[in-house]
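Notes follow the structure.
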Amino acid sequence: MTKQEFLDKLRVALIGRVSPGLVTENLNYYEEYINTEIRKGKSERDVLSALGDPRLIARTIVEMKGGGMAEDVQKDSEWRSGGRRGKREAFGKGFRVPTVLWLIVVVLAVILILSTIFSVIAAILPVLLPILLVLLAVKIFRD
């Protein structure tokens with residue numbers, strides 16, 4: 001299969017299933033990717049073999065409903081060039097921390113706070129205990 005045959009199969013598999021802009025975007029991305037790999041010294045056959053079946057690539061793009069690789073590359077390049085998009089949008093909708101990780105962080109924070117409180121108490125107890133005993137003795141003998 002040649003580069004043009006690959007791109008034609010990809011186009012046919014995408015047309016009517018995603019927006020025309022996304023078809024063009026992905027075709028441009030894969031054409032540029034193939035050209036870049038060829039410039040690096042790889043043969044066209046090796047590059048196309050590594051990419052695999054263009055219909056499978058098209059199915060993945062369709063299943064992602066527009067979240068294809070070309071869109072991610074465009075977002076990344078806009079972020080790097082200081083384009084309209086911000087850092088957070090360039091990498092997706094944001095990083096979501098798993099609940100288990102939050103639970104571990106909370107437990108560690110509680111342990112750290114309790115440890116600090118007990119360390120302070122342990123440091124002042126040798127001074128505070130005799131004073132409290134003297135005050136208790138004074139109160140007892142006074143009454």
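By order of appearance in the structure tokens: chains A, B, ..., then residues from 1 within every chain, and ligands from 1 in the order shown.
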Could you name the residues that touch Phe6 of chain A at 12 Å or less, counting only C-alpha atoms, but leaving out those on the same chain fewer than 2 positions away, as a ChimeraX atom specification?
/A:1-4,8-13,27,30-31,34,44-45,47-49,51-58
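Take atom CA of Val18 of chain A and atom CA of Ile61 of chain A: the distance between them is 8.4 Å.
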Counting only C-alpha atoms, the residue of A:Ile113, A:Ala137, A:Val62, A:Leu132 that sits nearest Ile15 of chain A
A:Val62
